[in-house]
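Structure record follows, encoded as structure tokens.
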Amino acid sequence: MENYKIPAQTRIGHVHLKVSNIDNSLKFYCDLLGFEITMKYGDQAVFISAGGYHHHIGLNTWHSKGAPPVSTESVGLYHTAILYPERKDLAMIFDRIKKANYPLTGASDHGVSEALYLDDPDGNGVELYWDRPKDQWPAKSDGSLEMFTRPLDLTSLLNEINK
């Protein structure tokens, strides 16, 4: 087989989630996280985006209306990662989540990025993160990345809001 590498400019375009209740999902993704509805398919599917893109996330109840959350021990999507442009943007969404008393499931410094973790109403994992500039990414002596998981300094993150 020919040696093929996917083009470097390739990106993940969107994620489409099976949810049990559209309204509950919209409260999370739109009311809390700030996504905007771009299109609805009746009461069974909604497409949402940041900044007017056709959709970053699709939500549907086609095969899942009223269904219980998937077991954490089953196969499937681990989390959807939402990349914020700046550290201050991550701080602002953290402040919003904190003021809404919405529970985090984690907060980590990965060296290359800082991340907040939470679950949507159906138990789907969501990572909210920003990437540090590439020249600040930690590297091993051989030049490969040295990612890690350490506690995120949430006080320092919140201090970004006032800078």
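Quick note on naming: the chains in the structure tokens go A, B, ... in the order shown, residues restart at 1 in each chain, and ligands are numbered from 1 in order of appearance.
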>> I'd like the neighbourhood of Arg87 (chain A) as a ChimeraX atom specification, where a residue qualifies if any of its atoms comes within 9 Å (using only C-alpha atoms), though same-chain residues fewer than 2 positions away should be ignored.
In response: /A:84-85,89-92,114,129-132,157,160
Write the residues you've just listed into a file as a CSV table (one decimal), in the first residue's frame, and include N, CA and C atoms for each of them.
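Writing done, so here's again08.csv:
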```csv
chain,number,residue,atom,x,y,z
A,84,TYR,N,-10.7,27.0,22.4
A,84,TYR,CA,-10.8,28.5,22.5
A,84,TYR,C,-9.6,29.2,22.0
A,85,PRO,N,-9.8,30.4,21.4
A,85,PRO,CA,-8.6,31.0,20.7
A,85,PRO,C,-7.5,31.5,21.7
A,89,ASP,N,-10.3,33.6,26.9
A,89,ASP,CA,-11.6,33.1,26.5
A,89,ASP,C,-11.9,31.8,27.4
A,90,LEU,N,-10.9,31.0,27.6
A,90,LEU,CA,-11.1,29.9,28.5
A,90,LEU,C,-11.4,30.3,29.9
A,91,ALA,N,-10.8,31.4,30.4
A,91,ALA,CA,-11.1,31.9,31.7
A,91,ALA,C,-12.5,32.4,31.8
A,92,MET,N,-13.0,33.1,30.7
A,92,MET,CA,-14.3,33.6,30.7
A,92,MET,C,-15.4,32.5,30.7
A,114,GLU,N,-4.3,24.0,28.3
A,114,GLU,CA,-5.0,23.9,29.5
A,114,GLU,C,-6.4,23.6,29.3
A,129,TYR,N,-10.8,23.9,26.0
A,129,TYR,CA,-9.4,24.1,26.2
A,129,TYR,C,-8.8,25.2,25.3
A,130,TRP,N,-7.6,25.6,25.6
A,130,TRP,CA,-6.8,26.5,24.7
A,130,TRP,C,-5.5,25.9,24.6
A,131,ASP,N,-4.9,26.1,23.4
A,131,ASP,CA,-3.5,25.6,23.2
A,131,ASP,C,-2.5,26.8,23.5
A,132,ARG,N,-1.4,26.4,24.2
A,132,ARG,CA,-0.3,27.4,24.3
A,132,ARG,C,0.3,27.6,23.0
A,157,LEU,N,-6.0,31.1,36.1
A,157,LEU,CA,-6.9,31.2,34.9
A,157,LEU,C,-7.9,32.3,35.1
A,160,GLU,N,-6.9,35.9,34.4
A,160,GLU,CA,-6.8,36.3,33.0
A,160,GLU,C,-7.9,37.3,32.6
```
> Can you list, as a list of chain:residue names, every protein, DNA or RNA residue that comes within 12 Å of Leu158 (chain A) when you count only C-alpha atoms, leaving out same-chain residues fewer than 2 positions away?
Replying inline: A:Arg87, A:Lys88, A:Asp89, A:Leu90, A:Ala91, A:Met92, A:Ile93, A:Phe94, A:Asp95, A:Arg96, A:Ile97, A:Lys98, A:Leu152, A:Asp153, A:Leu154, A:Thr155, A:Ser156, A:Glu160, A:Ile161, A:Asn162, A:Lys163
>> So that I can check the surroundings of Gly66 (chain A), please list as a PyMOL selection string every protein, DNA and RNA residue that reaches within 12 Å of it, counting only C-alpha atoms and ignoring chain neighbours fewer than 5 positions away.
In response: chain A and resi 18-24+44+60-61+121-122
>> At a cut-off of 12 Å, using only C-alpha atoms, what residues contact region 135-146 of chain A? Leave out same-chain residues fewer than 2 positions from it and give the result as a list of chain:residue names.
In response: A:Asp109, A:His110, A:Gly111, A:Val112, A:Ser113, A:Glu114, A:Asp131, A:Arg132, A:Pro133, A:Phe148, A:Thr149
Store the residues of this selection in a file with N, CA and C atoms, as a JSON list (two decimals), in the first residue's frame.
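So the final result, stored in again-v1.json, reads:
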```
[["chain", "number", "residue", "atom", "x", "y", "z"],
["A", 109, "ASP", "N", -3.67, 20.90, 33.33],
["A", 109, "ASP", "CA", -2.61, 21.53, 32.54],
["A", 109, "ASP", "C", -1.90, 20.37, 31.84],
["A", 110, "HIS", "N", -1.90, 20.38, 30.51],
["A", 110, "HIS", "CA", -1.27, 19.31, 29.73],
["A", 110, "HIS", "C", 0.05, 19.75, 29.10],
["A", 111, "GLY", "N", 0.57, 20.91, 29.52],
["A", 111, "GLY", "CA", 1.81, 21.40, 28.94],
["A", 111, "GLY", "C", 1.58, 22.12, 27.63],
["A", 112, "VAL", "N", 0.98, 21.44, 26.68],
["A", 112, "VAL", "CA", 0.66, 22.04, 25.38],
["A", 112, "VAL", "C", -0.64, 22.82, 25.44],
["A", 113, "SER", "N", -1.46, 22.53, 26.46],
["A", 113, "SER", "CA", -2.78, 23.14, 26.57],
["A", 113, "SER", "C", -3.23, 23.16, 28.02],
["A", 114, "GLU", "N", -4.29, 23.95, 28.26],
["A", 114, "GLU", "CA", -4.97, 23.95, 29.55],
["A", 114, "GLU", "C", -6.42, 23.61, 29.26],
["A", 131, "ASP", "N", -4.85, 26.11, 23.41],
["A", 131, "ASP", "CA", -3.48, 25.65, 23.17],
["A", 131, "ASP", "C", -2.50, 26.77, 23.47],
["A", 132, "ARG", "N", -1.45, 26.42, 24.18],
["A", 132, "ARG", "CA", -0.35, 27.37, 24.33],
["A", 132, "ARG", "C", 0.31, 27.55, 22.96],
["A", 133, "PRO", "N", 1.01, 28.68, 22.76],
["A", 133, "PRO", "CA", 1.75, 28.83, 21.51],
["A", 133, "PRO", "C", 2.72, 27.66, 21.32],
["A", 148, "PHE", "N", 1.67, 16.09, 29.55],
["A", 148, "PHE", "CA", 1.47, 15.54, 30.90],
["A", 148, "PHE", "C", 0.09, 15.97, 31.37],
["A", 149, "THR", "N", -0.30, 15.49, 32.52],
["A", 149, "THR", "CA", -1.56, 15.90, 33.14],
["A", 149, "THR", "C", -1.25, 16.33, 34.56]]
```
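The nearest approach to Gly125 (chain A) among the residues A:Ile6, A:Ala45, A:Leu17, A:Cys30, with only C-alpha atoms taken into account, belongs to A:Leu17.
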> Contacts of Asn124 (chain A) at 9 Å or less, counting only C-alpha atoms, minus same-chain residues fewer than 2 places along, as a ChimeraX atom specification?
Replying inline: /A:17,19,69-70,77-80,118-122,126
